[in-house]
Structures are given as C-alpha cells and as structure tokens.
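Right, one structure below, let's go through it.
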Amino acid sequence: MEIEFLHGPNLIQILLLVFFKFFILLIESYLNLNNGKKKSFNIYYKLIFNIINYLILSILKIQEYIKQNELKLYKSDFTVNSMEIKIALIGYGNVGASLLKILKEKRQLLKNNFNMNYKVIAIFEYDGALIKKDGIDIDSLLKKGDNYRELPFWKDGITFTNELISTIGINLCIEATPTNPDTGEPALSHIKIALNNGIDVVASNKGPFYLEYDKIKKLAKENNSYVNYEATVASCVPILSLKNNLIGNTITQIKAILNGTCNYILSRMTAEGIPFDIALKEAQELGFAEANPSLDIDGWDAAGKLVILANELLGWSKSIKDVDVRGISGITPQAIELAKSDGYVIKHLAIAENDKLLVEPRLLERNSPLNISGTLNVIELLTDYAGPIVLMGRGAGGFEAASAILNGLIDIAKKRGYAK
Ligand SMILES: NC(=O)c1ccc[n+]([C@@H]2O[C@H](COP(=O)([O-])OP(=O)(O)OC[C@H]3O[C@@H](n4cnc5c(N)ncnc54)[C@H](OP(=O)(O)O)[C@@H]3O)[C@@H](O)[C@H]2O)c1
C-alpha cells in the first residue's frame with residue numbers, strides 16, 4: 001500500500017515550535033522578574049494566560065495533524081498502485097494456457113484501464129507445480145511449450161493443499177482442471193481449500209457447481225471470499241452476470257441450447273439428412289466431440305450447466321440428480337424430416353420452468369431465436385417485465401473460456417480494490 005505524504009508541518013515540528021515559544025516566554029518572564037521590575041500580579045497573570053494560550057494552540061495543532069493523517073490514510077486505501085493479485089492457476093491445459101496468453105497480451109491494457117497488477121505465483125498440474133514467489137515470467141513459460149517441467153522452479157509431486165498455500169502467499173485461485181462428473185474432484189477440493197483459506201476463486205470447471213452449488217456459495221460467504229464461475233456455463237457468454245442487470249425483474253423460465261456437440265450433430269442431420277452415427281463421427285473428426293462422447297450426447301453436460309443456470313438465475317437449490325435427462329442418439333433422419341415438413345426443427349433443449357429441470361430433444365419453430373446452427377450456445381430467459389431476453393455465443397474453446405475467467409478476475413480485483 002502506498003502512502004502519499006502531504007505537504008505541511010509534521011507532529012515533531014509542531015511540538016518543537018510550541019515548546020520553543022513557551023521557552024522564550026519563560027525566559028522573558030524570568031528576565032522581567034530579575035530586572036528588578038515590580039513582581040506585580042500582572043506579570044504572573046500574563047504568564048499563566050500565555051501558558052494556557054499556548055497549550056490550547058498546541059492541542060489545536062495536534063488535532064489538525066491527526067485529522068490530516070487520517071485523511072492521508074483514507075486516501076491511501078484508494079491508492080492501489082502497488083497492490084497485486086497473486087494468482088495460482090490449477091490446470092495448465094487448453095483453458096489455462098489460453099488464459100496465460102491473454103494475461104500476457106493484456107498486461108499493459110489491464111494496467112492502463114484498471115490500474116491492475118498481477119503475478120502468477122503458482123501453476124499446478126496433476127504431477128507437480130511451478131512455484132515462484134516473485135512471479136512466473138509468463139513469456140518465458142509460454143516459450144517453453146510443453147517442456148515447462150524443465151524450468152528450475154518446477155517441483156514434482158506438489159499439489160494444492162492447505163499446508164502449501166499458506167506458504168506461497170496467493171490471494172486468487174483459478175480452477176481449470178477437468179471435471180469428474182460424479183465427484184466434481186479434484187476441482188471441488190481445490191475450491192474448498194481456497195475458500196477455507198480466504199482465497200477468492202474463479203472456476204471454469206462446472207462439476208463442483210452442479211454437485212455442491214449451495215455448499216460452495218455458503219463456504220465463500222463464511223470465509224468472506226468471492227467465487228466466480230461464469231465460464232462454467234456457455235463459456236464466454238455472460239449469462240450468469242446478466243442477473244446483475246435484471247435485478248428489477250423476476251426471471252421465470254430458462255430455455256437453452258447448452259451443448260455445442262449435440263447442436264452440431266443435429267444441425268448436420270437437419271441440413272444433410274445424414275444419420276446420427278455419421279454426424280457424430282464427423283463431429284469427432286473435427287474435434288467438436290470427445291472420443292467418448294456420452295456426456296454430451298446423453299445430455300449430462302447440458303444438464304450440469306442447466307443446474308447452475310437455474311440456481312443462479314432462478315434462485316433454486318437443485319443438483320444434477322434433479323434433472324430429467326434424455327439424449328439425442330435415438331433421433332432419426334425421418335423424425336427430422338417430418339418435423340421440417342411441419343415448419344419445425346428438432347433441438348436438444350435444456351429447460352427450467354415450474355420448478356422442473358429437463359434436458360431433451362424438442363420441436364422448435366423454425367423461426368425461433370433458439371434455432372441456431374453449428375456449435376453455438378443460446379439461452380433465452382423469460383422475465384416478468386422485460387419479456388424474453390436471448391443471448392447467443394460460442395459455448396466452447398480455450399480462449400472463449402479464458403475470456404470469461406479474465407472477466408471474473410477483473411470483477412474480483414475491483415471488488416477487492418486491486419483494480420479501479
Ligand atoms: N475447453 C473449453 O472449451 C472449456 C469451456 C468452458 C469450460 N471448460 C472447463 O474448463 C476446465 C479445463 O478445460 P480444458 O479444456 O483446459 O481441459 P484440458 O485441456 O484437459 O486441461 C486440463 C488440465 O488440467 C490438468 N490436470 C488434471 N488433473 C489435475 C490436477 N489434479 N491438478 C492440476 N491439474 C490437473 C490436466 O493435465 P493432463 O492433461 O496432463 O492430465 C490438463 O493440463 C474443464 O473443467 C472444462 O470442462 C472448458
């Protein structure tokens with residue numbers, strides 16, 4: 001924290017001045033007495049009067065000094081030049097590496113626009129961590145590519161534990177490890193450790209939030225920490241943050257397409273009349289679908305995101321167990337053709353309405369704003385006075401997720417006073 005010194009006398013100067021004047025007064029009085037002048041009552045009276053006068057003056061000066069310094073300290077609370085966010089990144093994969101690239105590229109912009117300074121102190125991988133207390137040079141790290149374990153500050157076998165983080169001095173943790181859909185681990189433990197230690201969290205990993213949304217929120221509150229998980233749903237589309245701009249409205253329903261893989265497959269089946277298997281194979285070849293695509297095509301990925309949306313935007317307290325889920329593998333080209341002939345398309349929708357959560361293929365009017373093609377995501381919120389609001393964008397991609405993480409990072413930095 002930088003303290004800016006104001007111009008003007010300090011306390012010692014004021015006290016010296018007061019005592020100096022008082023001293024002169026005593027000498028004057030003494031000389032007057034010894035010069036044979038009358039030891040008149042007047043002189044004693046004048047002496048006492050002057051002493052009181054100078055005492056009052058010194059009290060006033062001291063009060064003024066204290067007030068000035070209170071102002072300086074108050075002012076220093078807003079002088080954030082030397083405050084830094086000290087970051088630990090957990091998971092140096094697609095999203096983690098993309099984030100570091102953006103942080104490097106935008107360092108000057110973050111400084112200029114938000115007066116925001118940061119250091120990446122630690123980067124954790126499954127088998128160890130890079131730890132440098134004075135900050136990892138992101139440029140050199142990125143140049144190392146996959147060989148970053150050769151760096152001298154790589155430590156084998158180190159993991160994100162209570163004991164470790166109390167020694168490395170971080171104040172924000174970015175969680176970007178893969179999701180175990182059943183346990184939410186290892187991300188769930190990472191998030192809990194961070195929050196329990198008063199460390200703010202920005203996460204892209206949805207598992208912990210569709211499994212233990214309420215517990216995580218409660219833990220953050222108890223520890224006076226912030227937790228941002230905008231990247232967990234529709235990646236860069238700022239759907240969770242939209243809540244802050246709709247505080248005067250009640251959101252009553254959510255309808256969304258939240259899985260790019262399913263939407264790509266259905267779009268291809270609709271456009272080309274090809275069967276499900278062929279469209280899936282094409283998606284895998286293009287890198288839109290995993291080798292094991294079941295989480296996507298069976299609807300569980302969309303279900304997890306729907307839980308987070310409903311809890312955040314509708315104020316529900318659901319978990320993934322509460323979602324009624326049906327996948328898209330049973331959809332045939334004939335069903336798609338039939339829908340088409342009636343002016344409809346088949347889309348894999350995630351719906352939250354009337355206290356129920358559903359993920360299933362549904363007929364959608366061809367001109368509906370939810371009828372989007374390819375790997376895009378789209379979310380429609382129904383509100384009481386603003387009517388329907390639709391947001392659409394890329395629901396996947398390293399840079400897209402990293403962009404949502406960066407927004408979360410800046411938001412927390414502002415709340416903490418690390419950024420303006
Ligand atoms: N990519 C996207 O488009 C996107 C969008 C939104 C949200 N997300 C979410 O963001 C998270 C990261 O996604 P990603 O695409 O970056 O995945 P990724 O490329 O697989 O990266 C994850 C990284 O975490 C590492 N890791 C695994 N276990 C770990 C542990 N216990 N401690 C520390 N690191 C560990 C992995 O190491 P190894 O690979 O060596 O095992 C890998 O380097 C996921 O939860 C994903 O669902 C991704």
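Convention: chains lettered A, B, ... in structure tokens order; per-chain residue numbering from 1; ligands numbered from 1 as shown.
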Kindly assemble as CSV a list of the chain A residues that lie within 6 Å of ligand 1, each paired with its nearest atom pair and their distance in Å to one decimal, using only C-alpha atoms and all ligand atoms, sorted first by chain and then by ascending residue number.
```
residue,atom,partner,partner_atom_place_in_ligand_line,distance
A:Ile90,CA,ligand 1,33 (C),5.0
A:Gly91,CA,ligand 1,24 (O),3.4
A:Tyr92,CA,ligand 1,43 (O),4.4
A:Gly93,CA,ligand 1,21 (O),3.2
A:Asn94,CA,ligand 1,16 (O),3.6
A:Val95,CA,ligand 1,16 (O),3.6
A:Gly96,CA,ligand 1,16 (O),5.6
A:Phe124,CA,ligand 1,33 (C),4.9
A:Glu125,CA,ligand 1,34 (N),3.5
A:Tyr126,CA,ligand 1,30 (C),3.6
A:Ala176,CA,ligand 1,11 (C),4.2
A:Thr177,CA,ligand 1,24 (O),3.8
A:Pro178,CA,ligand 1,45 (O),3.8
A:Thr179,CA,ligand 1,45 (O),4.6
A:Pro186,CA,ligand 1,31 (N),5.4
A:Ser204,CA,ligand 1,10 (O),4.3
A:Asn205,CA,ligand 1,45 (O),3.5
A:Ala231,CA,ligand 1,6 (C),5.4
A:Thr232,CA,ligand 1,7 (C),5.1
A:Ser235,CA,ligand 1,6 (C),4.6
A:Ala396,CA,ligand 1,3 (O),3.5
A:Gly397,CA,ligand 1,3 (O),3.4
A:Gly398,CA,ligand 1,1 (N),4.6
A:Ala401,CA,ligand 1,5 (C),4.7
```
Would you export the selected residues with C-alpha atoms as a JSON list (two decimals), in the first residue's frame, please?
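New file again-v8.json:
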```json
[["chain", "number", "residue", "atom", "x", "y", "z"],
["A", 90, "ILE", "CA", -4.69, -25.07, -11.30],
["A", 91, "GLY", "CA", -4.79, -26.95, -14.60],
["A", 92, "TYR", "CA", -2.41, -25.85, -17.33],
["A", 93, "GLY", "CA", -4.35, -27.28, -20.28],
["A", 94, "ASN", "CA", -6.28, -25.62, -23.09],
["A", 95, "VAL", "CA", -8.13, -23.09, -20.90],
["A", 96, "GLY", "CA", -5.21, -22.47, -18.52],
["A", 124, "PHE", "CA", -0.40, -26.63, -10.64],
["A", 125, "GLU", "CA", -0.56, -29.69, -12.86],
["A", 126, "TYR", "CA", -1.62, -33.23, -11.92],
["A", 176, "ALA", "CA", -9.29, -25.14, -14.71],
["A", 177, "THR", "CA", -8.85, -28.88, -14.23],
["A", 178, "PRO", "CA", -11.03, -31.50, -15.96],
["A", 179, "THR", "CA", -14.37, -32.44, -14.39],
["A", 186, "PRO", "CA", -10.19, -32.72, -7.89],
["A", 204, "SER", "CA", -14.25, -22.92, -15.39],
["A", 205, "ASN", "CA", -14.93, -26.38, -14.04],
["A", 231, "ALA", "CA", -17.02, -19.77, -17.52],
["A", 232, "THR", "CA", -18.82, -22.94, -16.40],
["A", 235, "SER", "CA", -18.17, -20.36, -21.71],
["A", 396, "ALA", "CA", -16.60, -23.72, -26.01],
["A", 397, "GLY", "CA", -12.97, -23.02, -26.85],
["A", 398, "GLY", "CA", -9.91, -22.29, -24.75],
["A", 401, "ALA", "CA", -13.48, -19.83, -21.57]]
```
Near range 155-170 of chain A, counting only C-alpha atoms, which residues have an atom at most 9 Å away, once you skip same-chain residues fewer than 6 positions from it, shown as an mmCIF file with C-alpha atoms, in the first residue's frame?
```
data_model
loop_
_atom_site.group_PDB
_atom_site.id
_atom_site.type_symbol
_atom_site.label_atom_id
_atom_site.label_comp_id
_atom_site.auth_asym_id
_atom_site.auth_seq_id
_atom_site.Cartn_x
_atom_site.Cartn_y
_atom_site.Cartn_z
ATOM 1 C CA ILE A 85 -3.288 -10.020 -7.326
ATOM 2 C CA LYS A 86 -1.242 -13.089 -6.622
ATOM 3 C CA ILE A 87 -2.623 -15.903 -8.698
ATOM 4 C CA ALA A 88 -2.427 -19.676 -8.554
ATOM 5 C CA ILE A 90 -4.686 -25.073 -11.298
ATOM 6 C CA VAL A 120 1.163 -15.678 -11.366
ATOM 7 C CA ILE A 121 2.847 -17.255 -8.359
ATOM 8 C CA ALA A 122 1.983 -20.914 -8.971
ATOM 9 C CA PHE A 124 -0.400 -26.633 -10.641
ATOM 10 C CA GLU A 125 -0.557 -29.690 -12.865
ATOM 11 C CA TYR A 126 -1.620 -33.228 -11.922
ATOM 12 C CA ASP A 127 2.001 -34.233 -11.164
ATOM 13 C CA GLY A 128 3.581 -31.120 -9.642
ATOM 14 C CA ALA A 129 3.717 -27.358 -9.803
ATOM 15 C CA LEU A 130 5.681 -24.359 -10.983
ATOM 16 C CA ILE A 131 6.119 -22.088 -7.970
ATOM 17 C CA LYS A 132 7.910 -18.750 -7.942
ATOM 18 C CA LYS A 133 7.127 -16.348 -5.131
ATOM 19 C CA ARG A 149 8.643 -29.092 -16.346
ATOM 20 C CA SER A 189 -11.375 -29.985 -3.100
ATOM 21 C CA HIS A 190 -9.287 -27.230 -4.694
ATOM 22 C CA ILE A 193 -9.300 -25.395 0.195
ATOM 23 C CA ALA A 194 -9.047 -21.970 -1.447
ATOM 24 C CA ASN A 196 -11.463 -22.034 3.519
ATOM 25 C CA ASN A 197 -8.233 -20.064 3.372
ATOM 26 C CA ILE A 199 -8.685 -17.072 -1.200
#
```
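Atom pair CA of Leu89 in chain A / CA of Ile174 in chain A has a distance of 4.8 Å (rounded to one decimal).
Near Asn245 in chain A, within 12 Å and counting only C-alpha atoms, sit Pro238, Ile239, Ile251, Leu313, Ala386 and Ile389 of chain A; same-chain residues fewer than 6 positions away were not included.
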Next, write the just-selected residues to a file, as a CSV table (one decimal), in the first residue's frame, keeping N, CA and C atoms as the atom set.
```csv
chain,number,residue,atom,x,y,z
A,238,PRO,N,-21.9,-14.1,-21.3
A,238,PRO,CA,-22.0,-13.7,-19.9
A,238,PRO,C,-23.4,-13.8,-19.3
A,239,ILE,N,-23.9,-15.1,-19.3
A,239,ILE,CA,-25.3,-15.3,-18.9
A,239,ILE,C,-25.5,-15.2,-17.4
A,251,ILE,N,-36.9,-13.6,-13.2
A,251,ILE,CA,-36.7,-14.5,-14.3
A,251,ILE,C,-37.6,-15.7,-14.0
A,313,LEU,N,-29.9,-18.0,-11.6
A,313,LEU,CA,-30.8,-17.0,-12.2
A,313,LEU,C,-32.2,-17.2,-11.6
A,386,ALA,N,-39.4,-7.5,-18.6
A,386,ALA,CA,-38.6,-7.3,-19.8
A,386,ALA,C,-38.9,-8.3,-20.9
A,389,ILE,N,-35.4,-12.5,-23.2
A,389,ILE,CA,-34.0,-12.0,-23.5
A,389,ILE,C,-33.2,-13.1,-24.0
```
Inset, instruction - Output as a VMD selection string all residues of range 165-404 of chain A that backbone DSSP marks as alpha helix (DSSP H). - result: chain A and resid 165 to 168 187 to 196 207 to 222 260 to 272 276 to 285 294 to 297 300 to 313 333 to 341 398 to 404
Next, write the just-selected residues to a file, as a tab-separated table (two decimals), in the first residue's frame, keeping C-alpha atoms as the atom set.
```tsv
chain	number	residue	atom	x	y	z
A	165	ILE	CA	-0.97	-22.37	0.06
A	166	SER	CA	-0.33	-20.88	3.47
A	167	THR	CA	3.34	-20.62	2.45
A	168	ILE	CA	3.11	-19.27	-1.10
A	187	ALA	CA	-11.74	-29.29	-8.50
A	188	LEU	CA	-14.20	-29.50	-5.62
A	189	SER	CA	-11.38	-29.99	-3.10
A	190	HIS	CA	-9.29	-27.23	-4.69
A	191	ILE	CA	-12.19	-24.78	-4.45
A	192	LYS	CA	-12.94	-25.71	-0.85
A	193	ILE	CA	-9.30	-25.40	0.19
A	194	ALA	CA	-9.05	-21.97	-1.45
A	195	LEU	CA	-12.27	-20.63	0.08
A	196	ASN	CA	-11.46	-22.03	3.52
A	207	GLY	CA	-18.61	-30.23	-11.79
A	208	PRO	CA	-18.31	-28.70	-8.31
A	209	PHE	CA	-21.15	-26.27	-9.04
A	210	TYR	CA	-23.75	-28.69	-10.35
A	211	LEU	CA	-22.96	-31.05	-7.46
A	212	GLU	CA	-22.50	-28.71	-4.49
A	213	TYR	CA	-23.66	-25.26	-5.55
A	214	ASP	CA	-25.19	-24.30	-2.18
A	215	LYS	CA	-22.25	-25.57	-0.13
A	216	ILE	CA	-19.73	-23.65	-2.23
A	217	LYS	CA	-21.73	-20.42	-2.01
A	218	LYS	CA	-22.08	-20.85	1.76
A	219	LEU	CA	-18.39	-21.54	2.20
A	220	ALA	CA	-17.48	-18.44	0.20
A	221	LYS	CA	-19.79	-16.33	2.35
A	222	GLU	CA	-18.48	-17.74	5.62
A	260	GLY	CA	-22.27	-27.44	-28.91
A	261	THR	CA	-21.60	-31.08	-29.82
A	262	CYS	CA	-25.29	-32.03	-29.79
A	263	ASN	CA	-26.24	-28.91	-31.66
A	264	TYR	CA	-23.59	-29.55	-34.30
A	265	ILE	CA	-24.82	-33.14	-34.80
A	266	LEU	CA	-28.49	-32.11	-35.05
A	267	SER	CA	-27.65	-29.22	-37.39
A	268	ARG	CA	-25.77	-31.57	-39.71
A	269	MET	CA	-28.57	-34.15	-39.63
A	270	THR	CA	-31.09	-31.40	-40.48
A	271	ALA	CA	-29.01	-29.84	-43.25
A	272	GLU	CA	-27.78	-33.03	-44.93
A	276	PHE	CA	-26.84	-39.73	-36.20
A	277	ASP	CA	-23.74	-42.04	-36.34
A	278	ILE	CA	-22.30	-40.30	-39.39
A	279	ALA	CA	-22.87	-36.83	-37.94
A	280	LEU	CA	-21.23	-37.89	-34.65
A	281	LYS	CA	-18.20	-39.29	-36.46
A	282	GLU	CA	-17.86	-36.05	-38.39
A	283	ALA	CA	-18.03	-34.06	-35.12
A	284	GLN	CA	-15.30	-36.24	-33.61
A	285	GLU	CA	-13.06	-35.82	-36.66
A	294	SER	CA	-21.54	-39.92	-23.90
A	295	LEU	CA	-21.55	-36.93	-21.53
A	296	ASP	CA	-22.50	-34.71	-24.44
A	297	ILE	CA	-24.87	-36.84	-26.49
A	300	TRP	CA	-25.40	-34.81	-18.91
A	301	ASP	CA	-23.12	-31.95	-19.90
A	302	ALA	CA	-26.14	-29.74	-20.68
A	303	ALA	CA	-27.87	-30.94	-17.50
A	304	GLY	CA	-24.94	-29.78	-15.33
A	305	LYS	CA	-24.98	-26.34	-16.93
A	306	LEU	CA	-28.76	-26.10	-16.58
A	307	VAL	CA	-28.49	-26.73	-12.83
A	308	ILE	CA	-26.02	-23.85	-12.46
A	309	LEU	CA	-28.23	-21.55	-14.56
A	310	ALA	CA	-31.37	-22.37	-12.58
A	311	ASN	CA	-29.68	-21.99	-9.20
A	312	GLU	CA	-28.07	-18.71	-10.14
A	313	LEU	CA	-30.82	-17.05	-12.18
A	333	PRO	CA	-33.35	-38.53	-40.16
A	334	GLN	CA	-37.02	-39.47	-40.69
A	335	ALA	CA	-38.09	-37.69	-37.48
A	336	ILE	CA	-36.12	-34.63	-38.52
A	337	GLU	CA	-37.72	-34.70	-41.99
A	338	LEU	CA	-41.21	-34.97	-40.53
A	339	ALA	CA	-40.59	-32.01	-38.21
A	340	LYS	CA	-39.19	-30.00	-41.12
A	341	SER	CA	-42.28	-30.59	-43.24
A	398	GLY	CA	-9.91	-22.29	-24.75
A	399	PHE	CA	-9.81	-18.56	-25.42
A	400	GLU	CA	-13.57	-18.22	-25.02
A	401	ALA	CA	-13.48	-19.83	-21.57
A	402	ALA	CA	-10.35	-17.86	-20.68
A	403	SER	CA	-12.11	-14.64	-21.63
A	404	ALA	CA	-14.87	-15.41	-19.12
```
Legend entry - Non-local contacts of Ala352 in chain A (7 Å; only C-alpha atoms; under 3 positions in same chain excluded) as a PyMOL selection string: chain A and resi 253-255+310+355-358
Legend entry - Atom pair CA of Leu258 in chain A / CA of Gly395 in chain A: separation (Å): 7.1 Å
Inset, instruction - Using only C-alpha atoms, find the one residue out of A:Pro181, A:Lys144, A:Ile48, A:Gly287 that sits nearest to Lys321 in chain A. - result: A:Pro181
Legend entry - Computed interatomic separation between CA of Tyr344 in chain A and CA of Leu363 in chain A (Å):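 Separation between CA of Tyr344 in chain A and CA of Leu363 in chain A: 6.0 Å.
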Legend entry - For Asn117 in chain A: contacts at 8 Å, only C-alpha atoms, fewer than 5 positions along chain excluded, given as number ranges by chain: A: 81-85, 107, 110-111, 418-419
Inset, instruction - Write out as JSON, numbers by chain all residues of range 103-270 of chain A that backbone DSSP assigns to strand (DSSP E or B). - result: {"A": [117, 118, 119, 120, 121, 122, 123, 124, 125, 128, 129, 130, 131, 154, 155, 156, 172, 173, 174, 175, 200, 201, 202, 203, 227, 228, 251, 252, 253, 254, 255, 256, 257]}
Inset, instruction - Write out as a count of residues only the residues lying within 12 Å of Pro388 in chain A, counting only C-alpha atoms and excluding same-chain residues fewer than 4 positions away. - result: 17
Inset, instruction - Compare A:Val227, A:Val233, A:Ala97, A:Ile351 by their minimum atom-to-atom distance to Lys415 in chain A, counting only C-alpha atoms, and give me the closest one. - result: A:Val227
Inset, instruction - Would you please work out which residue, of A:Asn224, A:Ser140, A:Asn147, A:Asn171, is nearest to Tyr118 in chain A when using only C-alpha atoms? - result: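 With only C-alpha atoms as the atom set, the closest residue is A:Asn171.
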Legend entry - Distance criterion (only C-alpha atoms): nearest to Leu240 in chain A out of A:Ser98, A:Asn50, A:Asn228, A:Asn259: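 Among A:Ser98, A:Asn50, A:Asn228, A:Asn259, it is A:Asn228 that comes nearest to Leu240 in chain A.
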